[in-house]
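*Asks:* The file below is work.pdb, PDB, C-alpha atoms:
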ATOM      1  CA  MET A   1       5.513 -10.264  -4.549
ATOM      2  CA  ASP A   2       6.445 -10.231  -8.234
ATOM      3  CA  ARG A   3       9.346  -8.035  -9.304
ATOM      4  CA  SER A   4      10.444  -6.867 -12.728
ATOM      5  CA  SER A   5      12.819  -4.227 -14.007
ATOM      6  CA  THR A   6      13.994  -2.767 -17.265
ATOM      7  CA  LEU A   7      16.499   0.005 -17.807
ATOM      8  CA  THR A   8      13.724   2.594 -17.423
ATOM      9  CA  THR A   9      11.246   0.908 -15.046
ATOM     10  CA  SER A  10      11.018  -0.977 -11.767
ATOM     11  CA  SER A  11       7.733  -2.754 -11.064
ATOM     12  CA  ARG A  12       6.244  -4.642  -8.168
ATOM     13  CA  SER A  13       2.931  -6.466  -7.961
ATOM     14  CA  ALA A  14       1.281  -8.362  -5.146
ATOM     15  CA  VAL A  15      -1.915 -10.304  -4.574
ATOM     16  CA  VAL A  16      -4.010  -9.201  -1.602
ATOM     17  CA  ALA A  17      -7.147 -10.680  -0.051
ATOM     18  CA  SER A  18      -9.016  -7.341  -0.262
ATOM     19  CA  SER A  19     -11.690  -6.661  -2.826
ATOM     20  CA  PRO A  20     -10.582  -4.498  -5.766
ATOM     21  CA  ALA A  21     -12.838  -1.672  -4.544
ATOM     22  CA  ALA A  22     -11.392  -1.747  -1.014
ATOM     23  CA  ALA A  23      -7.804  -1.918  -2.300
ATOM     24  CA  TRP A  24      -8.472   0.954  -4.713
ATOM     25  CA  ASP A  25      -9.884   3.079  -1.898
ATOM     26  CA  LEU A  26      -6.459   2.882  -0.201
ATOM     27  CA  VAL A  27      -4.343   3.218  -3.344
ATOM     28  CA  ALA A  28      -6.182   6.334  -4.561
ATOM     29  CA  SER A  29      -7.086   7.783  -1.174
ATOM     30  CA  GLY A  30      -7.007  11.546  -0.949
ATOM     31  CA  ALA A  31      -7.994  11.606   2.713
ATOM     32  CA  SER A  32      -6.169  13.899   5.095
ATOM     33  CA  GLY A  33      -3.392  12.295   7.067
ATOM     34  CA  PRO A  34      -0.674   9.799   6.189
ATOM     35  CA  GLN A  35      -0.784   8.232   2.726
ATOM     36  CA  TRP A  36       1.452   5.553   1.189
ATOM     37  CA  TYR A  37       2.489   7.737  -1.780
ATOM     38  CA  VAL A  38       3.743  10.479   0.592
ATOM     39  CA  ASP A  39       4.888   8.669   3.721
ATOM     40  CA  ALA A  40       6.710   5.604   2.398
ATOM     41  CA  ALA A  41      10.317   5.938   3.599
ATOM     42  CA  PRO A  42      11.885   6.351   0.132
ATOM     43  CA  PHE A  43       9.522   9.216  -0.717
ATOM     44  CA  VAL A  44      10.308  10.994   2.541
ATOM     45  CA  VAL A  45      14.046  10.632   1.852
ATOM     46  CA  ARG A  46      13.674  11.708  -1.801
ATOM     47  CA  GLY A  47      11.754  14.818  -0.744
ATOM     48  CA  ALA A  48      14.484  15.735   1.742
ATOM     49  CA  LEU A  49      17.219  15.202  -0.868
ATOM     50  CA  ASP A  50      15.315  17.346  -3.327
ATOM     51  CA  ARG A  51      15.128  20.198  -0.810
ATOM     52  CA  LEU A  52      18.884  19.889  -0.202
ATOM     53  CA  VAL A  53      19.603  20.498  -3.893
ATOM     54  CA  GLY A  54      17.240  23.467  -4.100
ATOM     55  CA  GLY A  55      14.062  21.671  -5.176
ATOM     56  CA  ALA A  56      10.634  22.003  -3.655
ATOM     57  CA  GLY A  57      10.722  18.539  -2.074
ATOM     58  CA  ARG A  58       7.732  17.177  -0.194
ATOM     59  CA  ARG A  59       5.267  19.994   0.330
ATOM     60  CA  HIS A  60       1.692  19.139  -0.607
ATOM     61  CA  ARG A  61      -0.792  17.480   1.757
ATOM     62  CA  PRO A  62      -3.520  15.164   0.464
ATOM     63  CA  PRO A  63      -6.635  17.126  -0.541
ATOM     64  CA  GLY A  64      -8.845  15.754   2.258
ATOM     65  CA  ARG A  65     -11.421  13.926   0.161
ATOM     66  CA  PRO A  66     -12.015  10.200  -0.390
ATOM     67  CA  ARG A  67     -10.055   9.926  -3.659
ATOM     68  CA  LEU A  68      -7.383  11.760  -5.585
ATOM     69  CA  ALA A  69      -8.284  13.530  -8.829
ATOM     70  CA  ALA A  70      -6.245  14.549 -11.862
ATOM     71  CA  GLY A  71      -4.542  17.859 -11.142
ATOM     72  CA  ASP A  72      -4.057  17.227  -7.401
ATOM     73  CA  ARG A  73      -0.638  17.757  -5.860
ATOM     74  CA  VAL A  74       0.312  15.390  -3.025
ATOM     75  CA  GLY A  75       3.733  15.116  -1.429
ATOM     76  CA  PHE A  76       6.047  15.878  -4.331
ATOM     77  CA  TRP A  77       3.693  14.201  -6.812
ATOM     78  CA  TYR A  78       1.398  15.728  -9.423
ATOM     79  CA  VAL A  79      -1.632  13.537 -10.204
ATOM     80  CA  VAL A  80      -1.601  13.146 -13.981
ATOM     81  CA  GLU A  81      -4.405  10.592 -14.097
ATOM     82  CA  ALA A  82      -6.840   9.197 -11.532
ATOM     83  CA  ASP A  83      -8.979   6.734 -13.482
ATOM     84  CA  HIS A  84     -11.331   5.410 -10.829
ATOM     85  CA  ARG A  85     -13.311   3.244 -13.228
ATOM     86  CA  ASN A  86     -10.233   1.331 -14.439
ATOM     87  CA  ARG A  87      -8.448   1.736 -11.082
ATOM     88  CA  ARG A  88      -5.292   3.375 -12.398
ATOM     89  CA  LEU A  89      -3.363   6.215 -10.778
ATOM     90  CA  LEU A  90      -0.499   7.985 -12.582
ATOM     91  CA  LEU A  91       1.680  10.356 -10.571
ATOM     92  CA  GLU A  92       4.556  12.506 -11.853
ATOM     93  CA  ALA A  93       7.348  13.576  -9.505
ATOM     94  CA  GLU A  94       7.864  17.308  -9.108
ATOM     95  CA  VAL A  95      11.507  17.003  -8.088
ATOM     96  CA  ARG A  96      14.838  17.942  -9.575
ATOM     97  CA  ALA A  97      15.700  15.081 -11.909
ATOM     98  CA  PRO A  98      17.247  14.873 -15.382
ATOM     99  CA  GLY A  99      14.050  13.533 -16.895
ATOM    100  CA  ARG A 100      10.449  12.663 -16.104
ATOM    101  CA  VAL A 101       9.844  10.357 -13.126
ATOM    102  CA  THR A 102       6.434   8.684 -12.782
ATOM    103  CA  LEU A 103       4.690   6.304 -10.420
ATOM    104  CA  ASP A 104       1.924   4.204 -11.954
ATOM    105  CA  ALA A 105      -0.356   2.323  -9.546
ATOM    106  CA  SER A 106      -3.171  -0.007 -10.544
ATOM    107  CA  VAL A 107      -5.612  -2.435  -8.967
ATOM    108  CA  ALA A 108      -7.159  -5.406 -10.790
ATOM    109  CA  PRO A 109      -9.367  -8.343  -9.792
ATOM    110  CA  LEU A 110      -7.894 -11.853  -9.862
ATOM    111  CA  ASP A 111     -10.343 -14.647  -9.038
ATOM    112  CA  ASP A 112     -11.343 -13.980  -5.395
ATOM    113  CA  THR A 113      -8.366 -11.714  -4.744
ATOM    114  CA  THR A 114      -6.872  -8.474  -6.020
ATOM    115  CA  VAL A 115      -3.583  -7.617  -7.712
ATOM    116  CA  ILE A 116      -1.938  -4.302  -6.873
ATOM    117  CA  SER A 117       0.829  -3.118  -9.194
ATOM    118  CA  LEU A 118       3.297  -0.251  -8.848
ATOM    119  CA  THR A 119       5.720   0.885 -11.539
ATOM    120  CA  ILE A 120       8.313   3.609 -11.134
ATOM    121  CA  ALA A 121       9.642   4.860 -14.449
ATOM    122  CA  ILE A 122      12.090   7.456 -15.661
ATOM    123  CA  ALA A 123      12.225   8.985 -19.121
ATOM    124  CA  PRO A 124      15.728  10.492 -19.152
ATOM    125  CA  ARG A 125      16.575  13.842 -20.684
ATOM    126  CA  GLY A 126      20.023  14.492 -22.203
ATOM    127  CA  ILE A 127      23.399  12.995 -21.336
ATOM    128  CA  LEU A 128      22.947  13.677 -17.630
ATOM    129  CA  GLY A 129      19.605  11.867 -17.782
ATOM    130  CA  ALA A 130      21.173   8.822 -19.445
ATOM    131  CA  THR A 131      23.868   8.690 -16.763
ATOM    132  CA  TYR A 132      21.277   9.132 -14.015
ATOM    133  CA  LEU A 133      19.160   6.375 -15.553
ATOM    134  CA  ILE A 134      21.956   3.834 -15.141
ATOM    135  CA  ALA A 135      23.145   5.060 -11.728
ATOM    136  CA  ASP A 136      19.588   5.184 -10.380
ATOM    137  CA  LEU A 137      18.572   1.650 -11.412
ATOM    138  CA  PRO A 138      19.365  -0.094  -8.077
ATOM    139  CA  ALA A 139      17.795   2.740  -6.079
ATOM    140  CA  ARG A 140      14.671   2.671  -8.247
ATOM    141  CA  GLY A 141      14.223  -1.032  -7.490
ATOM    142  CA  ALA A 142      14.575  -0.389  -3.772
ATOM    143  CA  VAL A 143      12.080   2.489  -3.924
ATOM    144  CA  ALA A 144       9.519   0.321  -5.743
ATOM    145  CA  GLU A 145      10.033  -2.482  -3.208
ATOM    146  CA  LEU A 146       9.727  -0.260  -0.134
ATOM    147  CA  ALA A 147       6.719   1.651  -1.504
ATOM    148  CA  MET A 148       4.903  -1.627  -2.225
ATOM    149  CA  LEU A 149       5.769  -3.035   1.217
ATOM    150  CA  HIS A 150       4.459   0.153   2.850
ATOM    151  CA  LEU A 151       1.209  -0.054   0.871
ATOM    152  CA  LEU A 152       0.793  -3.764   1.701
ATOM    153  CA  THR A 153       1.348  -3.020   5.389
ATOM    154  CA  ILE A 154      -1.415  -0.406   5.309
ATOM    155  CA  ILE A 155      -3.783  -2.854   3.590
ATOM    156  CA  ARG A 156      -3.004  -5.652   6.060
ATOM    157  CA  ARG A 157      -3.515  -3.342   9.036
ATOM    158  CA  ARG A 158      -6.860  -2.232   7.665
ATOM    159  CA  ASP A 159      -7.988  -5.786   6.890
ATOM    160  CA  ASN A 160      -6.610  -7.331  10.108
ATOM    161  CA  PRO A 161      -6.597  -4.689  12.841
ATOM    162  CA  TRP A 162      -4.820  -5.540  16.049
ATOM    163  CA  PRO A 163      -7.195  -6.869  18.683
ATOM    164  CA  ALA A 164      -8.032  -4.409  21.396
ATOM    165  CA  ALA A 165      -5.680  -4.578  24.353
ATOM    166  CA  SER A 166      -7.108  -6.348  27.311
ATOM    167  CA  VAL A 167      -6.316  -5.776  30.930
ATOM    168  CA  VAL A 168      -5.684  -8.837  33.039
ATOM    169  CA  GLU A 169      -6.327  -8.396  36.730
ATOM    170  CA  ALA A 170      -4.162 -10.278  39.208
TER     171      ALA A 170
END
Would you mind writing the structure in this file as structure tokens?
*Replies:*
Amino acid sequence: MDRSSTLTTSSRSAVVASSPAAAWDLVASGASGPQWYVDAAPFVVRGALDRLVGGAGRRHRPPGRPRLAAGDRVGFWYVVEADHRNRRLLLEAEVRAPGRVTLDASVAPLDDTTVISLTIAIAPRGILGATYLIADLPARGAVAELAMLHLLTIIRRRDNPWPAASVVEA
């Protein structure tokens, strides 16, 4: 996994054996049930923290269709852009924060493999936002790492399902 960070962003990218279309189907999935952008541990914790400070937290379920669309609300995210042709998904957090927090996910072909990239960014607002920006930097890196690991786990499970359990008779 490749990692990069700036003062305002934390990014992770990984190469997977899936086709770009198959990887995109998981990244942009709007199907009912668990989804990486809602159920990754850091997003669950962030939603709970937001509710503790009077925010809305994690409240929206996926729309129940194959792919997300601009304008959807999922978890505590608002879907700003769902560009299925270029395989780019831009989510904005609807949480209490001193600035704008976004999650940018993309899928691109690389030879016979696929690169998945996630970038979490914050555009701070005011003095509180600047302070938050610096204090949040280590946490933002951890969130990007854990979200990517969760997504990669989902992809690996889909591509390599566990063999059916067999019963051995004595």
*Asks:* So the first atom is atom CA of A:Val44 and the second is atom CA of A:Phe76; what is the distance between them in Å, to one decimal place?
*Replies:*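 Interatomic distance here is 9.4 Å.
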*Asks:* Give me the result of the PyMOL selection byres ((chain A and resi 45) around 12) on this file, residue by residue, as a count of residues only.
*Replies:* 21
*Asks:* I need the residue nearest A:Arg156 from this list: A:Ser10, A:Leu118, A:Leu26, A:Pro124. Use all atoms listed in the file for the distance.
*Replies:* A:Leu26
*Asks:* Applied to the shown file, which residues does the PyMOL selection byres ((chain A and resi 154) around 12) return, written as a PyMOL selection string?
*Replies:* chain A and resi 16+18+22-23+25-27+29+34-37+39-40+147-153+155-161
*Asks:* Grab the residues selected above and save them as a tab-separated table (two decimals), in the coordinates of the input with C-alpha atoms.
*Replies:*
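part-v4.tsv written:
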chain	number	residue	atom	x	y	z
A	16	VAL	CA	-4.01	-9.20	-1.60
A	18	SER	CA	-9.02	-7.34	-0.26
A	22	ALA	CA	-11.39	-1.75	-1.01
A	23	ALA	CA	-7.80	-1.92	-2.30
A	25	ASP	CA	-9.88	3.08	-1.90
A	26	LEU	CA	-6.46	2.88	-0.20
A	27	VAL	CA	-4.34	3.22	-3.34
A	29	SER	CA	-7.09	7.78	-1.17
A	34	PRO	CA	-0.67	9.80	6.19
A	35	GLN	CA	-0.78	8.23	2.73
A	36	TRP	CA	1.45	5.55	1.19
A	37	TYR	CA	2.49	7.74	-1.78
A	39	ASP	CA	4.89	8.67	3.72
A	40	ALA	CA	6.71	5.60	2.40
A	147	ALA	CA	6.72	1.65	-1.50
A	148	MET	CA	4.90	-1.63	-2.22
A	149	LEU	CA	5.77	-3.04	1.22
A	150	HIS	CA	4.46	0.15	2.85
A	151	LEU	CA	1.21	-0.05	0.87
A	152	LEU	CA	0.79	-3.76	1.70
A	153	THR	CA	1.35	-3.02	5.39
A	155	ILE	CA	-3.78	-2.85	3.59
A	156	ARG	CA	-3.00	-5.65	6.06
A	157	ARG	CA	-3.52	-3.34	9.04
A	158	ARG	CA	-6.86	-2.23	7.66
A	159	ASP	CA	-7.99	-5.79	6.89
A	160	ASN	CA	-6.61	-7.33	10.11
A	161	PRO	CA	-6.60	-4.69	12.84
*Asks:* Specify as a list in words each residue included when the PyMOL selection byres ((chain A and resi 136) around 12) is applied to this file.
*Replies:* Thr6, Leu7, Thr8, Thr9, Ser10, Ala97, Pro98, Gly99, Val101, Ile120, Ala121, Ile122, Pro124, Leu128, Gly129, Ala130, Thr131, Tyr132, Leu133, Ile134, Ala135, Leu137, Pro138, Ala139, Arg140, Gly141, Ala142 and Val143 of chain A
*Asks:* Choose the residue, out of A:Arg125, A:Arg96, A:His84, A:Arg3, that has the smallest atom-to-atom separation from A:Val53; count only C-alpha atoms.
*Replies:* A:Arg96
*Asks:* Quick one: pull the distance between atom CA of A:Asp112 and atom CA of A:Ala14, Å, one decimal.
*Replies:*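 According to the coordinates, atom CA of A:Asp112 and atom CA of A:Ala14 are separated by 13.8 Å.
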*Asks:* So what do you get for atom CA of A:Asp104 versus atom CA of A:Thr119, distance-wise?
*Replies:*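 So the answer is 5.1 Å.
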*Asks:* With distances taken over all atoms listed in the file, which residue among A:Glu81, A:Arg12, A:Ser5, A:Arg73 lies nearest A:Val115?
*Replies:*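 When distances to A:Val115 are compared using all atoms listed in the file, the smallest one comes from A:Arg12.
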*Asks:* Here is a test: counting all atoms listed in the file, which residue of A:Asn86, A:Ser11, A:Ser19, A:Ser4 is nearest to A:Leu110?
*Replies:*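 Once distances to A:Leu110 are computed over all atoms listed in the file, the minimum belongs to A:Ser19.
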*Asks:* Would you pull stretch 88-101 of chain A out of the block just shown and save all heavy atoms as a compact mmCIF listing (two decimals), in the first residue's frame?
*Replies:*
# COMPACT_ATOMS: atom_id res chain seq x y z
N ARG A 88 -14.74 7.80 -10.18
CA ARG A 88 -14.36 8.70 -9.08
C ARG A 88 -15.58 8.98 -8.23
O ARG A 88 -16.65 9.30 -8.74
CB ARG A 88 -13.80 10.00 -9.62
CG ARG A 88 -13.43 10.96 -8.48
CD ARG A 88 -12.71 12.18 -8.98
NE ARG A 88 -12.35 13.02 -7.86
CZ ARG A 88 -12.89 14.21 -7.63
NH1 ARG A 88 -13.80 14.72 -8.45
NH2 ARG A 88 -12.52 14.92 -6.59
N LEU A 89 -15.40 8.87 -6.91
CA LEU A 89 -16.46 9.11 -5.95
C LEU A 89 -15.96 10.16 -4.97
O LEU A 89 -14.89 10.01 -4.38
CB LEU A 89 -16.77 7.80 -5.20
CG LEU A 89 -17.88 7.79 -4.18
CD1 LEU A 89 -19.24 8.02 -4.85
CD2 LEU A 89 -17.89 6.46 -3.44
N LEU A 90 -16.72 11.24 -4.80
CA LEU A 90 -16.35 12.31 -3.86
C LEU A 90 -17.46 12.44 -2.84
O LEU A 90 -18.61 12.72 -3.18
CB LEU A 90 -16.13 13.63 -4.59
CG LEU A 90 -15.74 14.81 -3.70
CD1 LEU A 90 -14.41 14.55 -3.00
CD2 LEU A 90 -15.66 16.10 -4.52
N LEU A 91 -17.10 12.20 -1.57
CA LEU A 91 -18.03 12.28 -0.46
C LEU A 91 -17.64 13.43 0.45
O LEU A 91 -16.45 13.67 0.66
CB LEU A 91 -18.01 10.97 0.35
CG LEU A 91 -18.18 9.67 -0.43
CD1 LEU A 91 -17.98 8.48 0.50
CD2 LEU A 91 -19.54 9.62 -1.08
N GLU A 92 -18.64 14.12 1.00
CA GLU A 92 -18.39 15.19 1.97
C GLU A 92 -19.04 14.80 3.30
O GLU A 92 -20.20 14.39 3.32
CB GLU A 92 -18.96 16.52 1.49
CG GLU A 92 -18.64 17.66 2.43
CD GLU A 92 -19.04 19.01 1.88
OE1 GLU A 92 -19.30 19.15 0.67
OE2 GLU A 92 -19.12 19.96 2.69
N ALA A 93 -18.27 14.92 4.37
CA ALA A 93 -18.77 14.54 5.70
C ALA A 93 -19.79 15.56 6.19
O ALA A 93 -19.56 16.77 6.12
CB ALA A 93 -17.62 14.43 6.69
N GLU A 94 -20.91 15.05 6.70
CA GLU A 94 -21.92 15.90 7.32
C GLU A 94 -21.81 15.70 8.83
O GLU A 94 -22.65 15.08 9.46
CB GLU A 94 -23.31 15.52 6.81
CG GLU A 94 -23.50 15.81 5.35
CD GLU A 94 -24.90 15.48 4.86
OE1 GLU A 94 -25.39 14.37 5.13
OE2 GLU A 94 -25.51 16.36 4.21
N VAL A 95 -20.68 16.20 9.37
CA VAL A 95 -20.40 16.10 10.80
C VAL A 95 -19.95 17.47 11.29
O VAL A 95 -19.58 18.33 10.50
CB VAL A 95 -19.30 15.05 11.10
CG1 VAL A 95 -19.75 13.65 10.73
CG2 VAL A 95 -18.00 15.38 10.38
N ARG A 96 -19.98 17.61 12.61
CA ARG A 96 -19.46 18.84 13.20
C ARG A 96 -17.95 18.84 13.06
O ARG A 96 -17.27 17.98 13.60
CB ARG A 96 -19.86 18.95 14.66
CG ARG A 96 -21.32 19.19 14.84
CD ARG A 96 -21.63 19.39 16.31
NE ARG A 96 -23.04 19.63 16.47
CZ ARG A 96 -23.57 20.83 16.67
NH1 ARG A 96 -22.80 21.88 16.73
NH2 ARG A 96 -24.87 20.97 16.80
N ALA A 97 -17.44 19.80 12.30
CA ALA A 97 -16.00 19.95 12.10
C ALA A 97 -15.75 21.41 11.72
O ALA A 97 -16.60 22.03 11.07
CB ALA A 97 -15.50 19.02 10.99
N PRO A 98 -14.60 21.95 12.11
CA PRO A 98 -14.28 23.33 11.77
C PRO A 98 -13.70 23.44 10.36
O PRO A 98 -12.58 23.87 10.16
CB PRO A 98 -13.28 23.73 12.85
CG PRO A 98 -12.59 22.44 13.18
CD PRO A 98 -13.62 21.37 13.02
N GLY A 99 -14.48 22.99 9.40
CA GLY A 99 -14.05 23.02 8.01
C GLY A 99 -14.76 21.93 7.23
O GLY A 99 -15.62 21.23 7.74
N ARG A 100 -14.38 21.80 5.98
CA ARG A 100 -14.99 20.81 5.08
C ARG A 100 -14.11 19.57 5.04
O ARG A 100 -12.91 19.65 4.76
CB ARG A 100 -15.10 21.42 3.68
CG ARG A 100 -15.72 20.52 2.66
CD ARG A 100 -15.87 21.25 1.32
NE ARG A 100 -16.60 20.43 0.39
CZ ARG A 100 -16.14 20.07 -0.81
NH1 ARG A 100 -14.96 20.48 -1.21
NH2 ARG A 100 -16.88 19.33 -1.60
N VAL A 101 -14.71 18.41 5.32
CA VAL A 101 -13.99 17.14 5.30
C VAL A 101 -14.53 16.31 4.14
O VAL A 101 -15.74 16.12 4.02
CB VAL A 101 -14.18 16.36 6.63
CG1 VAL A 101 -13.46 15.02 6.57
CG2 VAL A 101 -13.71 17.20 7.81
